[in-house]
Amino acid sequence: MSLINPDITPEKDFPLRDDIRLLGRLLGDTIREQEGEAAFEIVERIRQTSIRYHRDEDDVARRELETILNSLSRGRTNQIIRAYSYFSHLANIAEDQHHVRRSRAHAMNGAHAMTAPAPREGTLARALKLVQEAGISQTALQAFFSSALVCPVLTAHPTEVRRKSTIDREMQISQILAQRDRQSLTPEEEATCQESLRQAILTLWQTSILRRNRLKVIDEVNNGLSYYDYTFFKELPRVYAFLEDQLAAIDPIWETTELPSFLRMGSWIGGDRDGNPFVTAEALRQALLLQSKHALGFYLEELHCLGAELSLDGRYVNVSDEVQELAKASPDLSPHRQDEPYRRAITGIYARLAATAAALGHGDIARHAVGNAPAYSNVEEFRGDLSVLHRSLLSNGSGSLSRGRLRKLRRAVDVFGIHLASLDMRQNSDVHQRVVAELFEKAMPGAGYEALSEEQRVALLLEELRTPRPLTSPYLDYSPETSSELAVVHEAAEAHRRYGRAAVPNYVISKASDPSDILEVALLLKEAGLLRPREGEMHVNIIPLFETIADLRNCSHVMDALFALPDYMRLLRSRGQAQEVMLGYSDSNKDGGFLTSGWELYKAEIGLVDVFNRHGVALRLFHGRGGSVGRGGGPSYQAILAQPGGAVQGAIRITEQGEVIAGKYSNPDLGRRNLEILAAATLEASLLHSGQPAPREEYLKAMEELSNSAFEAYRALVYETDGFEQYFWESTVIGEIANLNIGSRPASRTNSRRIEDLRAIPWVFGWAQCRLMLPGWYGFGSAVNAWLEKRPDTGLALLQEMYREWPFFQALLSNMDMVLAKSNIAIASRYANLVEDEALRNAIFQRLRHEWEESIRQLLAIMQQESLLDGNPLLARSIRNRFPYLDPLNHLQIELLKRHRSGDVDEQVVQGIHLSINGIAAGLRNSG
């Protein structure tokens, strides 16, 4: 089995071809050994026939392929689906390793990322060079780092359907490929590597790729923690070390400077309650406990290794008095180490940290301390002891030793603290409204909060926020919903006491639309002591999330009204006069379509920048992006630099969701590259692009007109066409996705089948599975056609100019280019045949086909391309080579859906559908 066509493979991609051939051969051998020669021969016949069909567009090959697939037994069907699913996963591993290989080769040639085209231009080295060339002063650069925040936020919105067991095996395969790349192997060593690969692939084949039971919240927490082991613990400190060394090479002023930890991790896993009844105060407590245990477990292991390394004898080296004091206080009384002060000091640090872990309830640790010691009262004490070691080594001729494991451990402690990642709370504004209404009604019967106008609500909330007395009473009974919500904020307050305020620093409000939505959360925080009226202190950032088209259009007015309230501004001063706002890509897309969502998000940022500047408030944007383009996905570097001027003020948070987390961060080399890209893009956007002039007025007017037309076309189809809901549910695997054990959260916010109530993730995922990718392009063709009808002579030229000159429009069309390249209208038409109502099926699919064709035609005209992805041949080749492996999966999924929906409840049929969902998602990669 091979994904690469040897006739068109460029020389630089030969190693990728060889890796895929090797993995494909080993998978084929495994199938032959485990399932028999007949199974292997069918897999090969399907592969060769599908390749012939795609290469020659041969109708005979297409009919032959259909005949083979239709003749499969149920057991054989699932074998074929597993074979092609696993091959897609293995191809992904090989491609990821090739990206690492090319980046390393580029660096070794001396260029690193200085002159490379995107996406390598997002690396830190190039960003620093651009800043230097632009004449940015060292003072400005220091000011940036002192206040910057770059934070990827892992969320439990899974379109990642693989189990951790399969991801672990894939990680093993990736590591073996990396080992083969970085070493000159003897024939014996090469044979050993291939045998290890064979064993890993055999284990993968014999491991279930699907979960039998739906994940619990704590399972999702543990899955998220695995990426710290894969990448974050080791690679984040390396990013900082690289950055500090690069700065020191630029200017000696940086040689003794340790950068503030501006690149940190965030999480929603265990704190996001919006639509998930399983995220409770207890879930929040458990998530925080697991996070802390993971962090301290890593530190303890690193301390153990550090003690083994720092065997310095005090008779041969000078040691600071501070280290000597640590050594004296250590419970390590072994005579073998009496002349090794660093080891004794580290043993004492280990004992104190072990005591800290016990005090936090972590239970037994892997390696016990040699004796008792007092627990650290806070992370600063622990970090201070590590700094004592650092200063002593530095001042006594052992500075190079301080730059090894100790340097990385000190940075890890500064980044992760004892809480690991900042865990956000999130809840829907409708819930807050009901809870606050009940609190007022219990305290002041007849208050009628929900019937009040917005002005009356704000007045009542402000009045209550001015008094330090609680609104709740221990002598009153509250509804389960209210009790649960109050328990969560009280648990957050307890987390502040146990782990520090960085453990739970944010409260995100979904569906925010009025100032009262923010003040309601302030009231709940007050009840838990997280807001102190007398002191004017707020210990948690309150973050409104604007996610519908209407809310995006109104968000600057909401913030303007909020900042006009002296009481709120007083509280905001305790947060450094900075306000975070979250913008929702997924729901705005589902609400208004791809083009309108992108444009309204851009305009919202412009409006927010203006409002915040007028009120003297620092803006921090939190981008709620998903994995797919339909949910705000796409290359992070280009997305950040495409923001309007002033929108990236040294701070940005971005959600990382679904299969994107595994794709970006399961491989440590790719993980580091992605972390560098986020940091570099934020640096460039803040220092080089913040003062860039606004786009030309005619660009803005053109975009507004295009957006209005696209919005009308999208809404007319999705929300105004009778029977569209039925078409969607019958022509996609949405019903089956809803039953797949991919997360703790239901697919819809309610029990209805309405598009409005459906979560954006299954909405996008469903369209991806049937290869239509509707959320990533629908409405574009209609919009451009309407534009050109009014301007037949000049319209196209202006759009082409906008694409060349305007980063926002360029990123928008580039992402659409990728999505359309992954679509396949012929396969989508076969899914359309699943719709039982023939008239409905024909009416809607014809509209879809027409819009798809027009969108491609106009996109190519504007980008001046002959075909999709002309400007990205590597991605084009990857996608084109994947199609022969995806098409059989789609064909079999359709046949299984027919059987299942006709009443066939055979477990093999259900399992086959779920396996096919996994395989198609793997083949498409960023599809959810």
# chains A, B, ... in the order shown; residues from 1 in each chain; ligands from 1
>>> residues_around(residues="stretch 31-35 of chain A", least_positions_apart="3", cutoff="10 Å", atoms="only C-alpha atoms", output="MDAnalysis selection string")
chainID A and resid 25:28 38:41 43 76 79:80 82:83 202 205:206
>>> write_last_selection(atoms="C-alpha atoms", output="PDB file, in the first residue's frame")
ATOM      1  CA  ARG A  25       3.880  -2.713   3.496  1.00  0.00           C
ATOM      2  CA  LEU A  26       3.990  -3.501   7.201  1.00  0.00           C
ATOM      3  CA  LEU A  27       0.264  -2.864   7.533  1.00  0.00           C
ATOM      4  CA  GLY A  28      -0.362  -5.090   4.532  1.00  0.00           C
ATOM      5  CA  ALA A  38      -7.992 -13.387   0.837  1.00  0.00           C
ATOM      6  CA  ALA A  39      -8.541 -10.278   2.957  1.00  0.00           C
ATOM      7  CA  PHE A  40      -5.210  -8.824   1.880  1.00  0.00           C
ATOM      8  CA  GLU A  41      -5.951  -9.474  -1.805  1.00  0.00           C
ATOM      9  CA  VAL A  43      -7.672  -4.678   0.168  1.00  0.00           C
ATOM     10  CA  ARG A  76     -15.160  -8.320   5.418  1.00  0.00           C
ATOM     11  CA  GLN A  79     -11.955  -5.412   7.809  1.00  0.00           C
ATOM     12  CA  ILE A  80     -11.694  -3.181   4.733  1.00  0.00           C
ATOM     13  CA  ARG A  82     -10.270  -0.830   9.409  1.00  0.00           C
ATOM     14  CA  ALA A  83      -7.521  -1.328   6.836  1.00  0.00           C
ATOM     15  CA  LEU A 202       0.358  -5.270  14.909  1.00  0.00           C
ATOM     16  CA  TRP A 205      -4.378  -3.517  14.413  1.00  0.00           C
ATOM     17  CA  GLN A 206      -5.351  -5.642  17.398  1.00  0.00           C
TER      18      GLN A 206
END
>>> closest_atom_pairs(of="stretch 497-518 of chain A", to="stretch 460-469 of chain A", cutoff="12 Å", atoms="only C-alpha atoms", output="Markdown table")
| residue | atom | partner | partner_atom | distance |
| --- | --- | --- | --- | --- |
| A:Pro515 | CA | A:Leu461 | CA | 10.4 |
| A:Ser516 | CA | A:Leu461 | CA | 7.6 |
| A:Asp517 | CA | A:Leu461 | CA | 10.2 |
| A:Ile518 | CA | A:Leu461 | CA | 10.1 |
>>> write_last_selection(atoms="C-alpha atoms", output="CSV table (one decimal), in the first residue's frame")
chain,number,residue,atom,x,y,z
A,515,PRO,CA,-24.2,44.3,30.0
A,516,SER,CA,-26.5,42.5,32.5
A,517,ASP,CA,-25.1,39.2,31.3
A,518,ILE,CA,-21.6,40.3,32.6
>>> select_by_dssp(residues="stretch 711-924 of chain A", states="alpha helix (DSSP H)", output="number ranges by chain")
A: 711-718, 724-731, 734-738, 760-769, 780-790, 795-805, 807-822, 825-832, 838-863, 873-901, 907-924
>>> residues_around(residues="stretch 799-802 of chain A", least_positions_apart="4", cutoff="12 Å", atoms="only C-alpha atoms", output="ChimeraX atom specification")
/A:695-703,706,783-785,787-788,791,793-795,806-813,858-865
>>> closest_residue(among="A:Arg102, A:Pro341, A:Arg63, A:Leu619", to="A:Val317", atoms="only C-alpha atoms")
A:Pro341
>>> residues_around(residues="A:Trp852", least_positions_apart="2", cutoff="9 Å", atoms="only C-alpha atoms", output="JSON, numbers by chain")
{"A": [772, 774, 777, 778, 779, 780, 781, 820, 825, 847, 848, 849, 850, 854, 855, 856, 857]}
>>> write_last_selection(atoms="all heavy atoms", output="compact mmCIF listing (two decimals), in the first residue's frame")
# COMPACT_ATOMS: atom_id res chain seq x y z
N LEU A 772 -19.02 17.26 1.45
CA LEU A 772 -19.55 18.48 0.86
C LEU A 772 -18.91 19.72 1.49
O LEU A 772 -18.76 20.75 0.83
CB LEU A 772 -21.08 18.53 1.02
CG LEU A 772 -21.81 19.58 0.20
CD1 LEU A 772 -21.53 19.40 -1.29
CD2 LEU A 772 -23.31 19.52 0.46
N LEU A 774 -19.98 22.00 3.37
CA LEU A 774 -20.83 23.17 3.15
C LEU A 774 -20.49 24.37 4.03
O LEU A 774 -20.48 25.50 3.54
CB LEU A 774 -22.30 22.76 3.33
CG LEU A 774 -23.36 23.83 3.18
CD1 LEU A 774 -24.62 23.26 2.54
CD2 LEU A 774 -23.73 24.47 4.52
N TRP A 777 -17.90 27.16 2.59
CA TRP A 777 -17.94 27.89 1.32
C TRP A 777 -19.33 28.36 0.91
O TRP A 777 -19.46 29.29 0.09
CB TRP A 777 -17.38 27.01 0.19
CG TRP A 777 -18.05 25.65 0.08
CD1 TRP A 777 -17.63 24.51 0.65
CD2 TRP A 777 -19.27 25.33 -0.62
NE1 TRP A 777 -18.50 23.48 0.37
CE2 TRP A 777 -19.51 23.96 -0.42
CE3 TRP A 777 -20.15 26.06 -1.39
CZ2 TRP A 777 -20.61 23.30 -0.96
CZ3 TRP A 777 -21.26 25.41 -1.93
CH2 TRP A 777 -21.48 24.05 -1.71
N TYR A 778 -20.40 27.78 1.42
CA TYR A 778 -21.71 28.07 0.86
C TYR A 778 -22.06 29.56 0.95
O TYR A 778 -21.92 30.19 1.99
CB TYR A 778 -22.82 27.25 1.54
CG TYR A 778 -24.10 27.28 0.75
CD1 TYR A 778 -24.34 26.32 -0.22
CD2 TYR A 778 -25.03 28.30 0.91
CE1 TYR A 778 -25.48 26.35 -1.00
CE2 TYR A 778 -26.19 28.34 0.14
CZ TYR A 778 -26.41 27.38 -0.81
OH TYR A 778 -27.54 27.42 -1.58
N GLY A 779 -22.54 30.08 -0.15
CA GLY A 779 -22.93 31.49 -0.26
C GLY A 779 -21.92 32.34 -0.99
O GLY A 779 -22.24 33.43 -1.47
N PHE A 780 -20.70 31.83 -1.12
CA PHE A 780 -19.64 32.63 -1.76
C PHE A 780 -19.92 32.82 -3.25
O PHE A 780 -19.80 33.94 -3.78
CB PHE A 780 -18.29 31.95 -1.57
CG PHE A 780 -17.15 32.68 -2.21
CD1 PHE A 780 -16.65 33.84 -1.64
CD2 PHE A 780 -16.57 32.21 -3.38
CE1 PHE A 780 -15.59 34.52 -2.23
CE2 PHE A 780 -15.51 32.88 -3.98
CZ PHE A 780 -15.02 34.05 -3.41
N GLY A 781 -20.27 31.74 -3.94
CA GLY A 781 -20.53 31.86 -5.37
C GLY A 781 -21.66 32.83 -5.67
O GLY A 781 -21.55 33.68 -6.57
N LEU A 820 -12.63 23.52 -0.36
CA LEU A 820 -13.21 23.07 -1.63
C LEU A 820 -12.37 21.96 -2.26
O LEU A 820 -12.90 21.08 -2.93
CB LEU A 820 -13.36 24.26 -2.58
CG LEU A 820 -14.51 25.20 -2.23
CD1 LEU A 820 -14.40 26.51 -3.01
CD2 LEU A 820 -15.86 24.54 -2.49
N ILE A 825 -18.18 16.51 -5.06
CA ILE A 825 -19.61 16.62 -5.31
C ILE A 825 -20.22 15.30 -5.75
O ILE A 825 -21.39 15.02 -5.48
CB ILE A 825 -19.90 17.73 -6.36
CG1 ILE A 825 -21.35 18.19 -6.27
CG2 ILE A 825 -19.52 17.27 -7.75
CD1 ILE A 825 -21.69 18.92 -5.00
N ARG A 847 -29.45 22.84 -5.78
CA ARG A 847 -28.98 24.14 -5.28
C ARG A 847 -27.55 24.02 -4.74
O ARG A 847 -26.70 24.89 -4.96
CB ARG A 847 -29.91 24.66 -4.18
CG ARG A 847 -31.27 25.10 -4.70
CD ARG A 847 -32.22 25.40 -3.55
NE ARG A 847 -31.81 26.54 -2.74
CZ ARG A 847 -32.50 26.98 -1.69
NH1 ARG A 847 -33.63 26.36 -1.33
NH2 ARG A 847 -32.07 28.03 -1.01
N LEU A 848 -27.29 22.93 -4.01
CA LEU A 848 -25.96 22.72 -3.47
C LEU A 848 -24.92 22.57 -4.59
O LEU A 848 -23.84 23.17 -4.53
CB LEU A 848 -25.95 21.48 -2.58
CG LEU A 848 -26.78 21.54 -1.30
CD1 LEU A 848 -26.79 20.17 -0.62
CD2 LEU A 848 -26.24 22.59 -0.35
N ARG A 849 -25.27 21.76 -5.59
CA ARG A 849 -24.33 21.55 -6.69
C ARG A 849 -24.03 22.86 -7.42
O ARG A 849 -22.87 23.18 -7.72
CB ARG A 849 -24.88 20.52 -7.67
CG ARG A 849 -23.95 20.27 -8.87
CD ARG A 849 -24.65 19.47 -9.97
NE ARG A 849 -24.89 18.09 -9.57
CZ ARG A 849 -24.00 17.12 -9.70
NH1 ARG A 849 -22.80 17.38 -10.19
NH2 ARG A 849 -24.30 15.90 -9.34
N HIS A 850 -25.08 23.63 -7.70
CA HIS A 850 -24.90 24.88 -8.43
C HIS A 850 -24.02 25.84 -7.63
O HIS A 850 -23.09 26.46 -8.18
CB HIS A 850 -26.26 25.51 -8.71
CG HIS A 850 -26.15 26.86 -9.37
ND1 HIS A 850 -25.81 27.00 -10.70
CD2 HIS A 850 -26.33 28.13 -8.87
CE1 HIS A 850 -25.79 28.30 -11.01
NE2 HIS A 850 -26.10 28.99 -9.92
N GLU A 854 -20.32 27.27 -8.70
CA GLU A 854 -20.10 28.71 -8.83
C GLU A 854 -19.04 29.20 -7.86
O GLU A 854 -18.24 30.10 -8.18
CB GLU A 854 -21.41 29.46 -8.61
CG GLU A 854 -22.40 29.30 -9.75
CD GLU A 854 -21.81 29.76 -11.07
OE1 GLU A 854 -21.48 30.95 -11.19
OE2 GLU A 854 -21.64 28.91 -11.98
N SER A 855 -19.01 28.63 -6.66
CA SER A 855 -18.02 29.05 -5.67
C SER A 855 -16.61 28.71 -6.15
O SER A 855 -15.68 29.53 -6.02
CB SER A 855 -18.30 28.38 -4.32
OG SER A 855 -19.51 28.85 -3.76
N ILE A 856 -16.44 27.53 -6.73
CA ILE A 856 -15.13 27.15 -7.25
C ILE A 856 -14.74 28.05 -8.42
O ILE A 856 -13.61 28.55 -8.50
CB ILE A 856 -15.12 25.67 -7.66
CG1 ILE A 856 -15.24 24.77 -6.43
CG2 ILE A 856 -13.85 25.33 -8.45
CD1 ILE A 856 -15.31 23.29 -6.75
N ARG A 857 -15.69 28.27 -9.32
CA ARG A 857 -15.39 29.08 -10.51
C ARG A 857 -14.95 30.49 -10.13
O ARG A 857 -13.95 31.00 -10.62
CB ARG A 857 -16.63 29.13 -11.40
CG ARG A 857 -16.40 29.86 -12.73
CD ARG A 857 -17.60 29.69 -13.64
NE ARG A 857 -18.77 30.42 -13.16
CZ ARG A 857 -19.01 31.71 -13.43
NH1 ARG A 857 -18.16 32.40 -14.19
NH2 ARG A 857 -20.09 32.30 -12.98
>>> atom_distance(atom1="atom CA of A:Tyr228", atom2="atom CA of A:Gly275")
26.9 Å
>>> atom_distance(atom1="atom CA of A:Thr655", atom2="atom CA of A:Asp424")
11.5 Å
